[in-house]
Each structure stands twice: as structure tokens, then as C-alpha cells.
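Inspection log for the structure reproduced underneath, given as C-alpha cells.
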Amino acid sequence: MVLARTNDACVEAYSPATDLRFLYADVTETTRRLSAGHGLSQPASLVLGKALAGIALLGIDLNDAEETLCVSAAVQGRVGGFHVELDNNGHLRGYLHEKAPETLPASPATPPDDFCGRNAAVKISRLRPDGTVRSQISFATEPGNPETIFQDFLSTASPARLCMAASVFENSIERLCALAVIRMPRCSKATFSHAARLFEDGTIGELISFDATLVSLRDVLGLDDLMTGPTRALAFGCTCSRESVLHAYASEPEKVLTSWISANRPQDFRCHLCGRRYHLSVEDLAGLLLEKEQN
């Protein structure tokens with residue numbers, strides 16, 4: 001199941017004069033869709049949304065059409081952790097380990113520290129179409145929030161700064177986006193430090209919360225030559241379907257299917273990646289049992 005219509009997108013920008021690379025992603029619509037599907041509280045939605053924004057930034061470099069990028073994190077906080085996925089078609093999906101109770105922080109755009117905890121164990125994987133691992137890296141971060149996780153990963157190869165911004169209106173997420181700057185080999189330390197300060201003092205966060213146009217970024221960063229590549233559309237998209245659910249239940253032993261049918265017990269299945277619910281009637285189960293007997 002895929003909902004293709006979305007305003008979400010990611011894009012790469014580059015300044016030839018300074019050799020600074022920028023990565024930008026907006027995942028507002030996907031965050032809203034998955035938050036509703038999983039029944040998340042607002043602070044928990046922000047955690048999942050920032051995890052989606054982080055993987056969207058990494059996915060800008062995902063070139064293999066048959067590859068899926070996965071980021072899993074186990075944290076000590078109340079959300080327990082998260083799992084997010086992005087395929088090369090721009091389809092995003094994911095979930096939190098725990099929904100977390102509705103506890104509004106002092107700043108509605110910032111989840112409480114205890115939602116993520118003091119540290120995280122992270123695993124980033126690239127999967128082939130058959131689900132086997134093409135490559136994988138594991139590491140730990142402190143604290144355990146998505147900003148730190150993706151900042152640390154982006155900084156493994158080159159110095160980088162990351163800003164994730166959320167704007168909330170009447171308990172609804174109005175915007176959730178992320179911007180990263182990466183120091184490329186020809187960039188001077190002084191040039192990168194100037195850009196990094198704008199990330200650290202809140203200037204970039206305030207900007208992208210409301211306006212992330214190329215003109216605004218040029219003005220704030222002082223980079224007249226900043227240019228962008230092709231914009232890549234992102235959308236909520238899950239691989240679950242009624243057919244896949246029926247296939248999964250068809251693998252149940254005959255005695256299990258028979259017991260459900262005899263007890264008149266239809267089955268409900270909820271996709272852990274997107275929250276969509278599927279209902280299998282007793283008639284559906286009887287059809288699976290008949291097919292099993294005939295085979």
C-alpha cells in the first residue's frame with residue numbers, strides 16, 4: 001500500500017566557492033500519517049518524525065533502485081527506541097517501540113529528555129530486495145535522541161552539523177524538517193566553523209521552522225552561489241497488503257486454523273510498520289484452510 005501524493009521531499013545543495021554540502025528534508029506529511037496510524041502522543045510523534053527526517057537525509061545518497069535503508073535504535077527513554085525505513089522510491093515508514101504517554105513538555109516542539117534517555121544503541125543497515133543485509137554499521141550515542149544519532153553518523157566521514165526543527169500549532173505538527181551541513185575536503189576550517197555556529201546558536205533552526213527556500217538560506221548562510229540538485233519526492237509507503245497478510249496466515253498449522261473457525265474467531269492483524277489494520281473473517285480463514293487441505 002502506497003500513498004503517493006505528498007509535499008514531503010529531500011534535496012541536496014552545494015556551494016562551489018566554499019565546498020560546503022547541505023542536505024535538507026521535510027517529512028511533515030509522513031509524520032502526520034504515521035502518528036495517526038500508530039496513535040502516538042504529540043511528543044512521541046516528534047521523536048518518530050525526527051527519526052524519519054534523519055533517514056531522509058541519509059537517503060539522499062541511496063542510489064541503488066533495489067535497496068532499502070533501515071535505521072534502528074534502542075534507547076533508555078519511554079519510547080524504547082525506533083525503527084524507520086526508506087526505499088529508493090522515496091517511501092518512508094516506521095514506528096516507535098512504545099507509544100509513550102501524553103506528556104506535554106515545556107516547549108511543545110521538543111520532546112522531554114526522558115522520552116529518549118541518556119544513550120542509544122544504533123544499527124544502520126542497507127538491505128537487498130530479499131531482505132538480506134548488504135552492509136551494516138552499529139554504534140552508540142549519548143544522549144539517545146534522533147538529532148544526536150544522525151549528527152554522529154553524518155560526522156563519521158567528515159565534520160558535519162545537523163539541525164532538526166519542528167513547529168507545532170494547537171497540538172498539531174505544522175512542519176518537521178532537517179538541514180545538515182557537511183565540510184567537504186576543499187572547505188576551510190574557518191568557513192565550516194562560521195556555518196556551524198549558525199546551526200549551534202539556533203539561527204538555522206528558527207529559519208527552517210518557517211522558511212527553507214534557497215533564497216533565504218543563501219541570505220542567512222552568506223552563500224550567494226548556493227545551488228540545489230533535483231528535488232526528490234518522499235511519501236508514506238508501506239509494503240504491507242491484504243495479500244501479504246493472507247499469505248502469512250496461510251502458513252499457520254491446520255489445527256490452528258480449524259480452532260479459530262470452530263470458535264468463530266475472526267483474526268485482526270496490525271502492521272507494525274504503518275499501523276494499518278487488516279481483518280480476516282471466519283470465511284477468509286475457512287478459505288485458507290480449504291486451500292491448505294487441497295494442497
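In the C-alpha cells, the first chain shown is A, the next is B, and so on; residue numbers restart at 1 for each chain, and ligands run from 1 in the order shown.
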
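Within the 9 Å cut-off around segment 258-261 of chain A, using only C-alpha atoms and omitting residues fewer than 3 positions from it on the same chain, the listed residues are Pro253, Glu254, Lys255, Asn264, Arg265, Pro266, Gln267, Val282, Glu283, Leu285, Ala286 and Leu289 of chain A.
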
Restricting the output to all heavy atoms, write the selected residues as a short mmCIF file (atom, residue, chain, number, x, y, z; two decimals), in the first residue's frame.
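The new file result-v1.cif reads:
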data_model
loop_
_atom_site.label_atom_id
_atom_site.label_comp_id
_atom_site.auth_asym_id
_atom_site.auth_seq_id
_atom_site.Cartn_x
_atom_site.Cartn_y
_atom_site.Cartn_z
N PRO A 253 -0.56 -23.70 11.10
CA PRO A 253 -0.93 -25.12 11.03
C PRO A 253 -2.43 -25.30 10.86
O PRO A 253 -3.23 -24.46 11.29
CB PRO A 253 -0.45 -25.66 12.38
CG PRO A 253 0.58 -24.70 12.85
CD PRO A 253 0.16 -23.36 12.34
N GLU A 254 -2.83 -26.40 10.24
CA GLU A 254 -4.25 -26.68 10.01
C GLU A 254 -5.04 -26.69 11.32
O GLU A 254 -6.15 -26.20 11.38
CB GLU A 254 -4.41 -28.02 9.30
CG GLU A 254 -3.96 -28.00 7.85
CD GLU A 254 -4.27 -29.31 7.14
OE1 GLU A 254 -5.13 -30.07 7.65
OE2 GLU A 254 -3.65 -29.57 6.11
N LYS A 255 -4.45 -27.25 12.38
CA LYS A 255 -5.19 -27.34 13.64
C LYS A 255 -5.45 -25.96 14.24
O LYS A 255 -6.48 -25.75 14.91
CB LYS A 255 -4.44 -28.21 14.63
CG LYS A 255 -3.07 -27.70 15.05
CD LYS A 255 -2.42 -28.65 16.05
CE LYS A 255 -1.06 -28.13 16.50
NZ LYS A 255 -0.42 -29.05 17.48
N ASN A 264 -15.39 -19.62 15.99
CA ASN A 264 -15.93 -18.42 15.35
C ASN A 264 -15.12 -17.18 15.74
O ASN A 264 -15.65 -16.15 16.14
CB ASN A 264 -17.41 -18.22 15.72
CG ASN A 264 -18.09 -17.18 14.83
OD1 ASN A 264 -17.72 -17.02 13.66
ND2 ASN A 264 -19.07 -16.47 15.38
N ARG A 265 -13.80 -17.31 15.57
CA ARG A 265 -12.88 -16.24 15.97
C ARG A 265 -12.18 -15.63 14.76
O ARG A 265 -11.15 -16.15 14.30
CB ARG A 265 -11.83 -16.78 16.95
CG ARG A 265 -12.35 -17.06 18.34
CD ARG A 265 -11.25 -17.73 19.17
NE ARG A 265 -10.00 -16.97 19.12
CZ ARG A 265 -8.83 -17.48 19.52
NH1 ARG A 265 -8.76 -18.74 19.96
NH2 ARG A 265 -7.74 -16.74 19.47
N PRO A 266 -12.73 -14.56 14.20
CA PRO A 266 -12.01 -13.86 13.13
C PRO A 266 -10.71 -13.28 13.68
O PRO A 266 -10.57 -13.08 14.89
CB PRO A 266 -12.98 -12.76 12.70
CG PRO A 266 -13.87 -12.55 13.89
CD PRO A 266 -14.00 -13.89 14.55
N GLN A 267 -9.76 -13.02 12.80
CA GLN A 267 -8.45 -12.53 13.22
C GLN A 267 -8.20 -11.10 12.73
O GLN A 267 -8.57 -10.75 11.60
CB GLN A 267 -7.35 -13.46 12.68
CG GLN A 267 -7.44 -14.88 13.20
CD GLN A 267 -7.22 -14.96 14.70
OE1 GLN A 267 -6.18 -14.54 15.21
NE2 GLN A 267 -8.21 -15.50 15.41
N VAL A 282 -14.06 -15.23 9.45
CA VAL A 282 -14.05 -16.69 9.57
C VAL A 282 -14.10 -17.31 8.18
O VAL A 282 -13.48 -18.35 7.93
CB VAL A 282 -15.24 -17.16 10.43
CG1 VAL A 282 -15.33 -18.69 10.42
CG2 VAL A 282 -15.09 -16.66 11.87
N GLU A 283 -14.81 -16.67 7.25
CA GLU A 283 -14.87 -17.16 5.87
C GLU A 283 -13.49 -17.11 5.21
O GLU A 283 -13.11 -18.01 4.46
CB GLU A 283 -15.87 -16.34 5.06
CG GLU A 283 -17.33 -16.57 5.42
CD GLU A 283 -17.72 -15.93 6.76
OE1 GLU A 283 -16.98 -15.01 7.20
OE2 GLU A 283 -18.72 -16.35 7.35
N LEU A 285 -10.64 -17.37 6.80
CA LEU A 285 -9.85 -18.44 7.41
C LEU A 285 -10.25 -19.80 6.84
O LEU A 285 -9.39 -20.66 6.61
CB LEU A 285 -10.05 -18.43 8.93
CG LEU A 285 -9.61 -17.15 9.65
CD1 LEU A 285 -9.99 -17.21 11.13
CD2 LEU A 285 -8.10 -16.94 9.50
N ALA A 286 -11.56 -19.96 6.60
CA ALA A 286 -12.04 -21.23 6.03
C ALA A 286 -11.48 -21.42 4.62
O ALA A 286 -11.12 -22.54 4.23
CB ALA A 286 -13.57 -21.25 6.00
N LEU A 289 -7.93 -22.57 4.98
CA LEU A 289 -7.89 -23.97 5.40
C LEU A 289 -8.20 -24.91 4.23
O LEU A 289 -7.52 -25.93 4.04
CB LEU A 289 -8.87 -24.21 6.54
CG LEU A 289 -8.95 -25.65 7.08
CD1 LEU A 289 -7.60 -26.10 7.62
CD2 LEU A 289 -10.03 -25.76 8.15
#

Ala157 of chain A environment, 12 Å, only C-alpha atoms, sequence neighbours closer than 5 positions dropped, as a list in words |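 Here the qualifying residues turn out to be Gln151, Asp152, Ile182, Arg183, Met184 and Pro185 of chain A.
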
Using the selection just defined, write its residues with C-alpha atoms as a PDB file, in the first residue's frame.
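So the final result, stored in result-v7.pdb, reads:
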ATOM      1  CA  GLN A 151      24.617  14.008  13.762  1.00  0.00           C
ATOM      2  CA  ASP A 152      27.111  11.386  14.959  1.00  0.00           C
ATOM      3  CA  ILE A 182      28.970  18.809   5.708  1.00  0.00           C
ATOM      4  CA  ARG A 183      32.533  20.053   5.335  1.00  0.00           C
ATOM      5  CA  MET A 184      33.965  18.709   2.090  1.00  0.00           C
ATOM      6  CA  PRO A 185      37.746  18.273   1.533  1.00  0.00           C
TER       7      PRO A 185
END

Excluding Cys187 of chain A and residues on its chain fewer than 6 positions from it, collect all residues at most 12 Å away from it, counting only C-alpha atoms, and give them as number ranges by chain.
-> A: 14-21, 158-160, 181, 193-195

With all heavy atoms kept, could you save the residues just selected as a JSON list (two decimals), in the first residue's frame?
[["chain", "number", "residue", "atom", "x", "y", "z"],
["A", 14, "TYR", "N", 24.73, 22.70, -2.69],
["A", 14, "TYR", "CA", 26.20, 22.76, -2.70],
["A", 14, "TYR", "C", 26.66, 24.18, -3.02],
["A", 14, "TYR", "O", 26.06, 24.88, -3.84],
["A", 14, "TYR", "CB", 26.76, 21.79, -3.74],
["A", 14, "TYR", "CG", 28.26, 21.78, -3.85],
["A", 14, "TYR", "CD1", 29.07, 21.33, -2.80],
["A", 14, "TYR", "CD2", 28.89, 22.25, -5.01],
["A", 14, "TYR", "CE1", 30.45, 21.33, -2.91],
["A", 14, "TYR", "CE2", 30.27, 22.25, -5.12],
["A", 14, "TYR", "CZ", 31.04, 21.79, -4.07],
["A", 14, "TYR", "OH", 32.41, 21.80, -4.17],
["A", 15, "SER", "N", 27.74, 24.59, -2.34],
["A", 15, "SER", "CA", 28.38, 25.88, -2.60],
["A", 15, "SER", "C", 29.77, 25.62, -3.20],
["A", 15, "SER", "O", 30.69, 25.22, -2.48],
["A", 15, "SER", "CB", 28.52, 26.69, -1.30],
["A", 15, "SER", "OG", 29.40, 27.77, -1.47],
["A", 16, "PRO", "N", 29.94, 25.82, -4.51],
["A", 16, "PRO", "CA", 31.25, 25.56, -5.14],
["A", 16, "PRO", "C", 32.38, 26.40, -4.55],
["A", 16, "PRO", "O", 33.52, 25.93, -4.44],
["A", 16, "PRO", "CB", 31.00, 25.90, -6.62],
["A", 16, "PRO", "CG", 29.53, 25.76, -6.80],
["A", 16, "PRO", "CD", 28.92, 26.19, -5.50],
["A", 17, "ALA", "N", 32.08, 27.64, -4.20],
["A", 17, "ALA", "CA", 33.14, 28.52, -3.71],
["A", 17, "ALA", "C", 33.70, 28.08, -2.37],
["A", 17, "ALA", "O", 34.90, 28.20, -2.11],
["A", 17, "ALA", "CB", 32.61, 29.95, -3.60],
["A", 18, "THR", "N", 32.83, 27.54, -1.49],
["A", 18, "THR", "CA", 33.28, 27.14, -0.15],
["A", 18, "THR", "C", 33.48, 25.65, 0.00],
["A", 18, "THR", "O", 34.08, 25.20, 0.97],
["A", 18, "THR", "CB", 32.25, 27.59, 0.89],
["A", 18, "THR", "OG1", 31.00, 26.93, 0.63],
["A", 18, "THR", "CG2", 32.05, 29.10, 0.84],
["A", 19, "ASP", "N", 32.96, 24.86, -0.93],
["A", 19, "ASP", "CA", 32.99, 23.40, -0.84],
["A", 19, "ASP", "C", 32.21, 22.91, 0.39],
["A", 19, "ASP", "O", 32.61, 21.97, 1.07],
["A", 19, "ASP", "CB", 34.42, 22.86, -0.80],
["A", 19, "ASP", "CG", 34.50, 21.41, -1.31],
["A", 19, "ASP", "OD1", 33.63, 21.01, -2.10],
["A", 19, "ASP", "OD2", 35.42, 20.69, -0.91],
["A", 20, "LEU", "N", 31.07, 23.55, 0.65],
["A", 20, "LEU", "CA", 30.13, 23.11, 1.69],
["A", 20, "LEU", "C", 28.98, 22.37, 1.03],
["A", 20, "LEU", "O", 28.42, 22.84, 0.03],
["A", 20, "LEU", "CB", 29.59, 24.29, 2.48],
["A", 20, "LEU", "CG", 30.52, 24.94, 3.51],
["A", 20, "LEU", "CD1", 29.88, 26.20, 4.08],
["A", 20, "LEU", "CD2", 30.84, 23.96, 4.65],
["A", 21, "ARG", "N", 28.62, 21.23, 1.60],
["A", 21, "ARG", "CA", 27.49, 20.44, 1.11],
["A", 21, "ARG", "C", 26.36, 20.50, 2.12],
["A", 21, "ARG", "O", 26.59, 20.38, 3.33],
["A", 21, "ARG", "CB", 27.92, 18.99, 0.88],
["A", 21, "ARG", "CG", 26.84, 18.12, 0.26],
["A", 21, "ARG", "CD", 27.24, 16.65, 0.26],
["A", 21, "ARG", "NE", 26.27, 15.84, -0.45],
["A", 21, "ARG", "CZ", 26.02, 14.55, -0.19],
["A", 21, "ARG", "NH1", 26.71, 13.93, 0.77],
["A", 21, "ARG", "NH2", 25.12, 13.88, -0.88],
["A", 158, "SER", "N", 33.13, 13.06, 7.59],
["A", 158, "SER", "CA", 33.56, 14.47, 7.51],
["A", 158, "SER", "C", 32.87, 15.26, 8.61],
["A", 158, "SER", "O", 31.78, 14.88, 9.06],
["A", 158, "SER", "CB", 33.20, 15.06, 6.14],
["A", 158, "SER", "OG", 33.76, 14.32, 5.09],
["A", 159, "PRO", "N", 33.47, 16.38, 9.06],
["A", 159, "PRO", "CA", 32.79, 17.22, 10.05],
["A", 159, "PRO", "C", 31.42, 17.66, 9.54],
["A", 159, "PRO", "O", 31.28, 18.03, 8.37],
["A", 159, "PRO", "CB", 33.73, 18.42, 10.20],
["A", 159, "PRO", "CG", 35.07, 17.89, 9.81],
["A", 159, "PRO", "CD", 34.81, 16.89, 8.72],
["A", 160, "ALA", "N", 30.41, 17.58, 10.39],
["A", 160, "ALA", "CA", 29.05, 17.92, 9.99],
["A", 160, "ALA", "C", 28.28, 18.52, 11.16],
["A", 160, "ALA", "O", 28.61, 18.27, 12.32],
["A", 160, "ALA", "CB", 28.32, 16.69, 9.46],
["A", 181, "VAL", "N", 24.82, 20.39, 7.33],
["A", 181, "VAL", "CA", 25.93, 20.93, 6.56],
["A", 181, "VAL", "C", 27.13, 20.01, 6.76],
["A", 181, "VAL", "O", 27.40, 19.56, 7.88],
["A", 181, "VAL", "CB", 26.27, 22.38, 6.97],
["A", 181, "VAL", "CG1", 26.64, 22.48, 8.45],
["A", 181, "VAL", "CG2", 27.41, 22.93, 6.11],
["A", 193, "SER", "N", 33.40, 26.52, 10.33],
["A", 193, "SER", "CA", 33.09, 27.00, 11.68],
["A", 193, "SER", "C", 32.03, 28.09, 11.66],
["A", 193, "SER", "O", 31.15, 28.13, 12.52],
["A", 193, "SER", "CB", 34.36, 27.51, 12.37],
["A", 193, "SER", "OG", 35.28, 26.47, 12.57],
["A", 194, "HIS", "N", 32.10, 28.97, 10.66],
["A", 194, "HIS", "CA", 31.09, 30.03, 10.53],
["A", 194, "HIS", "C", 29.70, 29.43, 10.30],
["A", 194, "HIS", "O", 28.73, 29.82, 10.94],
["A", 194, "HIS", "CB", 31.46, 30.96, 9.39],
["A", 194, "HIS", "CG", 30.38, 31.95, 9.05],
["A", 194, "HIS", "ND1", 30.03, 33.00, 9.89],
["A", 194, "HIS", "CD2", 29.54, 32.02, 7.98],
["A", 194, "HIS", "CE1", 29.05, 33.68, 9.35],
["A", 194, "HIS", "NE2", 28.73, 33.11, 8.19],
["A", 195, "ALA", "N", 29.63, 28.47, 9.38],
["A", 195, "ALA", "CA", 28.35, 27.83, 9.11],
["A", 195, "ALA", "C", 27.87, 27.03, 10.33],
["A", 195, "ALA", "O", 26.68, 27.06, 10.68],
["A", 195, "ALA", "CB", 28.47, 26.91, 7.90]]

Write down as an MDAnalysis selection string the residues belonging to segment 133-246 of chain A that are assigned alpha helix (DSSP H) by DSSP computed on the backbone.
-> chainID A and resid 146:154 189:200 203:208 214:221 242:246

Identify, on the basis of only C-alpha atoms, every residue whose closest approach to Leu23 of chain A does not exceed 9 Å; exclude the query and any residue fewer than 4 positions from it along the same chain; express the result as a ChimeraX atom specification.
-> /A:10-14,57-58,60,178-182

In terms of the shortest atom-to-atom distance over only C-alpha atoms, which of A:Pro146, A:Arg134, A:Gly39, A:Glu200 is closest to Asn119 of chain A?
->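 Selected residue with least distance to Asn119 of chain A: A:Pro146.
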
Counting only C-alpha atoms, figure out which residue out of A:Glu291, A:Asp211, A:Asp225, A:Glu67 gets nearest to His247 of chain A.
-> A:Glu291

Fewer than 5 positions away in the same chain doesn't count, so skip those; otherwise give me all residues within 10 Å of Val245 of chain A, counting only C-alpha atoms, as a PyMOL selection string.
-> chain A and resi 240+250+268-271+278-280

Of the candidates A:Leu86, A:Val27, A:Ile173, A:Ile204, which shows the shortest atom-to-atom distance to Ala44 of chain A, using only C-alpha atoms?
->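 Using only C-alpha atoms, the shortest distance to Ala44 of chain A belongs to A:Ile173.
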
For Arg197 of chain A, work out the shell of residues within 12 Å, counting only C-alpha atoms and skipping chain neighbours fewer than 4 positions away, then give it as a PyMOL selection string.
-> chain A and resi 160-163+181+190-193+201-205+220-221

Same residues, all heavy atoms, saved as a short mmCIF file (atom, residue, chain, number, x, y, z; two decimals), in the first residue's frame:
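As a result, again.cif now contains:
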data_model
loop_
_atom_site.label_atom_id
_atom_site.label_comp_id
_atom_site.auth_asym_id
_atom_site.auth_seq_id
_atom_site.Cartn_x
_atom_site.Cartn_y
_atom_site.Cartn_z
N ALA A 160 30.41 17.58 10.39
CA ALA A 160 29.05 17.92 9.99
C ALA A 160 28.28 18.52 11.16
O ALA A 160 28.61 18.27 12.32
CB ALA A 160 28.32 16.69 9.46
N ARG A 161 27.26 19.31 10.85
CA ARG A 161 26.33 19.82 11.84
C ARG A 161 24.92 19.56 11.34
O ARG A 161 24.65 19.65 10.14
CB ARG A 161 26.53 21.32 12.08
CG ARG A 161 27.82 21.68 12.76
CD ARG A 161 27.88 21.17 14.20
NE ARG A 161 29.10 21.62 14.85
CZ ARG A 161 30.28 20.99 14.79
NH1 ARG A 161 30.37 19.88 14.06
NH2 ARG A 161 31.33 21.45 15.41
N LEU A 162 24.04 19.24 12.27
CA LEU A 162 22.67 18.89 11.93
C LEU A 162 21.70 19.69 12.77
O LEU A 162 21.91 19.88 13.97
CB LEU A 162 22.44 17.39 12.15
CG LEU A 162 21.01 16.86 12.08
CD1 LEU A 162 20.46 17.03 10.68
CD2 LEU A 162 20.96 15.40 12.50
N CYS A 163 20.63 20.14 12.15
CA CYS A 163 19.56 20.83 12.87
C CYS A 163 18.23 20.21 12.46
O CYS A 163 17.94 20.07 11.27
CB CYS A 163 19.56 22.32 12.53
SG CYS A 163 18.20 23.22 13.30
N VAL A 181 24.82 20.39 7.33
CA VAL A 181 25.93 20.93 6.56
C VAL A 181 27.13 20.01 6.76
O VAL A 181 27.40 19.56 7.88
CB VAL A 181 26.27 22.38 6.97
CG1 VAL A 181 26.64 22.48 8.45
CG2 VAL A 181 27.41 22.93 6.11
N ALA A 190 37.77 27.60 8.88
CA ALA A 190 37.10 28.84 9.24
C ALA A 190 35.73 28.95 8.58
O ALA A 190 34.75 29.38 9.22
CB ALA A 190 37.97 30.03 8.84
N THR A 191 35.64 28.55 7.34
CA THR A 191 34.35 28.61 6.62
C THR A 191 33.35 27.66 7.24
O THR A 191 32.18 28.01 7.44
CB THR A 191 34.56 28.26 5.13
OG1 THR A 191 35.43 29.21 4.54
CG2 THR A 191 33.24 28.26 4.39
N PHE A 192 33.81 26.45 7.54
CA PHE A 192 32.90 25.49 8.17
C PHE A 192 32.48 25.97 9.56
O PHE A 192 31.31 25.84 9.94
CB PHE A 192 33.55 24.11 8.26
CG PHE A 192 32.67 23.10 8.95
CD1 PHE A 192 31.58 22.54 8.32
CD2 PHE A 192 32.95 22.71 10.26
CE1 PHE A 192 30.77 21.61 8.96
CE2 PHE A 192 32.14 21.79 10.91
CZ PHE A 192 31.04 21.25 10.26
N SER A 193 33.40 26.52 10.33
CA SER A 193 33.09 27.00 11.68
C SER A 193 32.03 28.09 11.66
O SER A 193 31.15 28.13 12.52
CB SER A 193 34.36 27.51 12.37
OG SER A 193 35.28 26.47 12.57
N ASP A 201 23.73 28.10 17.28
CA ASP A 201 23.10 29.19 18.03
C ASP A 201 21.59 29.32 17.79
O ASP A 201 20.94 30.24 18.29
CB ASP A 201 23.79 30.53 17.75
CG ASP A 201 23.60 31.01 16.30
OD1 ASP A 201 22.78 30.45 15.57
OD2 ASP A 201 24.31 31.97 15.91
N GLY A 202 21.02 28.40 17.00
CA GLY A 202 19.58 28.40 16.78
C GLY A 202 19.12 29.16 15.56
O GLY A 202 17.92 29.14 15.23
N THR A 203 20.04 29.83 14.85
CA THR A 203 19.64 30.61 13.68
C THR A 203 19.03 29.73 12.60
O THR A 203 17.97 30.06 12.05
CB THR A 203 20.87 31.35 13.10
OG1 THR A 203 21.41 32.21 14.10
CG2 THR A 203 20.48 32.17 11.88
N ILE A 204 19.69 28.62 12.29
CA ILE A 204 19.18 27.73 11.25
C ILE A 204 17.88 27.07 11.67
O ILE A 204 16.94 26.95 10.88
CB ILE A 204 20.23 26.66 10.90
CG1 ILE A 204 21.46 27.31 10.25
CG2 ILE A 204 19.64 25.61 9.97
CD1 ILE A 204 21.19 28.02 8.95
N GLY A 205 17.78 26.66 12.94
CA GLY A 205 16.56 26.05 13.42
C GLY A 205 15.36 26.97 13.29
O GLY A 205 14.27 26.55 12.88
N VAL A 220 21.00 33.87 4.82
CA VAL A 220 21.41 33.59 6.19
C VAL A 220 22.82 33.01 6.24
O VAL A 220 23.63 33.37 7.11
CB VAL A 220 20.41 32.62 6.87
CG1 VAL A 220 20.94 32.13 8.20
CG2 VAL A 220 19.07 33.31 7.06
N LEU A 221 23.14 32.13 5.30
CA LEU A 221 24.46 31.50 5.29
C LEU A 221 25.53 32.36 4.63
O LEU A 221 26.72 32.09 4.76
CB LEU A 221 24.38 30.15 4.57
CG LEU A 221 23.55 29.06 5.26
CD1 LEU A 221 23.22 27.95 4.28
CD2 LEU A 221 24.30 28.51 6.47
#

Just how far from atom CA of His97 of chain A is atom CA of His272 of chain A, in Å to one decimal?
->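 So the answer is 9.5 Å.
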
Those of segment 34-195 of chain A in DSSP strand (DSSP E or B), formatted as a VMD selection string | chain A and resid 68 to 75 81 to 87 91 to 96 120 to 127 133 to 141 160 to 169 172 to 183

If we count only C-alpha atoms, what is near Asp114 of chain A at a cut-off of 7 Å, once residues fewer than 2 positions away on the same chain are taken out, given as a PyMOL selection string?
-> chain A and resi 77-78+112+116-117

Keeping all heavy atoms for every residue in the selection just given, could you write it to a file as a PDB file, in the first residue's frame?
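Output (again_18.pdb):
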ATOM      1  N   GLY A  77      14.883   5.710  27.135  1.00  0.00           N
ATOM      2  CA  GLY A  77      13.723   6.529  27.465  1.00  0.00           C
ATOM      3  C   GLY A  77      12.402   5.820  27.250  1.00  0.00           C
ATOM      4  O   GLY A  77      12.351   4.642  26.877  1.00  0.00           O
ATOM      5  N   ARG A  78      11.314   6.566  27.435  1.00  0.00           N
ATOM      6  CA  ARG A  78       9.978   5.965  27.432  1.00  0.00           C
ATOM      7  C   ARG A  78       9.510   5.468  26.070  1.00  0.00           C
ATOM      8  O   ARG A  78       8.606   4.634  26.002  1.00  0.00           O
ATOM      9  CB  ARG A  78       8.974   6.968  28.004  1.00  0.00           C
ATOM     10  CG  ARG A  78       9.062   7.096  29.522  1.00  0.00           C
ATOM     11  CD  ARG A  78       7.924   7.923  30.057  1.00  0.00           C
ATOM     12  NE  ARG A  78       8.178   9.344  29.862  1.00  0.00           N
ATOM     13  CZ  ARG A  78       7.262  10.288  30.081  1.00  0.00           C
ATOM     14  NH1 ARG A  78       6.050   9.952  30.460  1.00  0.00           N
ATOM     15  NH2 ARG A  78       7.559  11.552  29.911  1.00  0.00           N
ATOM     16  N   PRO A 112      10.336  15.649  25.903  1.00  0.00           N
ATOM     17  CA  PRO A 112      11.106  15.612  27.152  1.00  0.00           C
ATOM     18  C   PRO A 112      12.321  14.704  27.019  1.00  0.00           C
ATOM     19  O   PRO A 112      12.323  13.760  26.236  1.00  0.00           O
ATOM     20  CB  PRO A 112      10.102  15.028  28.164  1.00  0.00           C
ATOM     21  CG  PRO A 112       8.771  15.153  27.522  1.00  0.00           C
ATOM     22  CD  PRO A 112       8.989  15.127  26.044  1.00  0.00           C
ATOM     23  N   CYS A 116      13.659   9.805  25.236  1.00  0.00           N
ATOM     24  CA  CYS A 116      14.722   9.082  24.528  1.00  0.00           C
ATOM     25  C   CYS A 116      15.810   8.563  25.461  1.00  0.00           C
ATOM     26  O   CYS A 116      16.458   7.567  25.154  1.00  0.00           O
ATOM     27  CB  CYS A 116      15.345   9.978  23.458  1.00  0.00           C
ATOM     28  SG  CYS A 116      14.224  10.373  22.098  1.00  0.00           S
ATOM     29  N   GLY A 117      16.031   9.216  26.575  1.00  0.00           N
ATOM     30  CA  GLY A 117      17.014   8.718  27.527  1.00  0.00           C
ATOM     31  C   GLY A 117      18.426   9.201  27.250  1.00  0.00           C
ATOM     32  O   GLY A 117      18.683   9.988  26.342  1.00  0.00           O
TER      33      GLY A 117
END
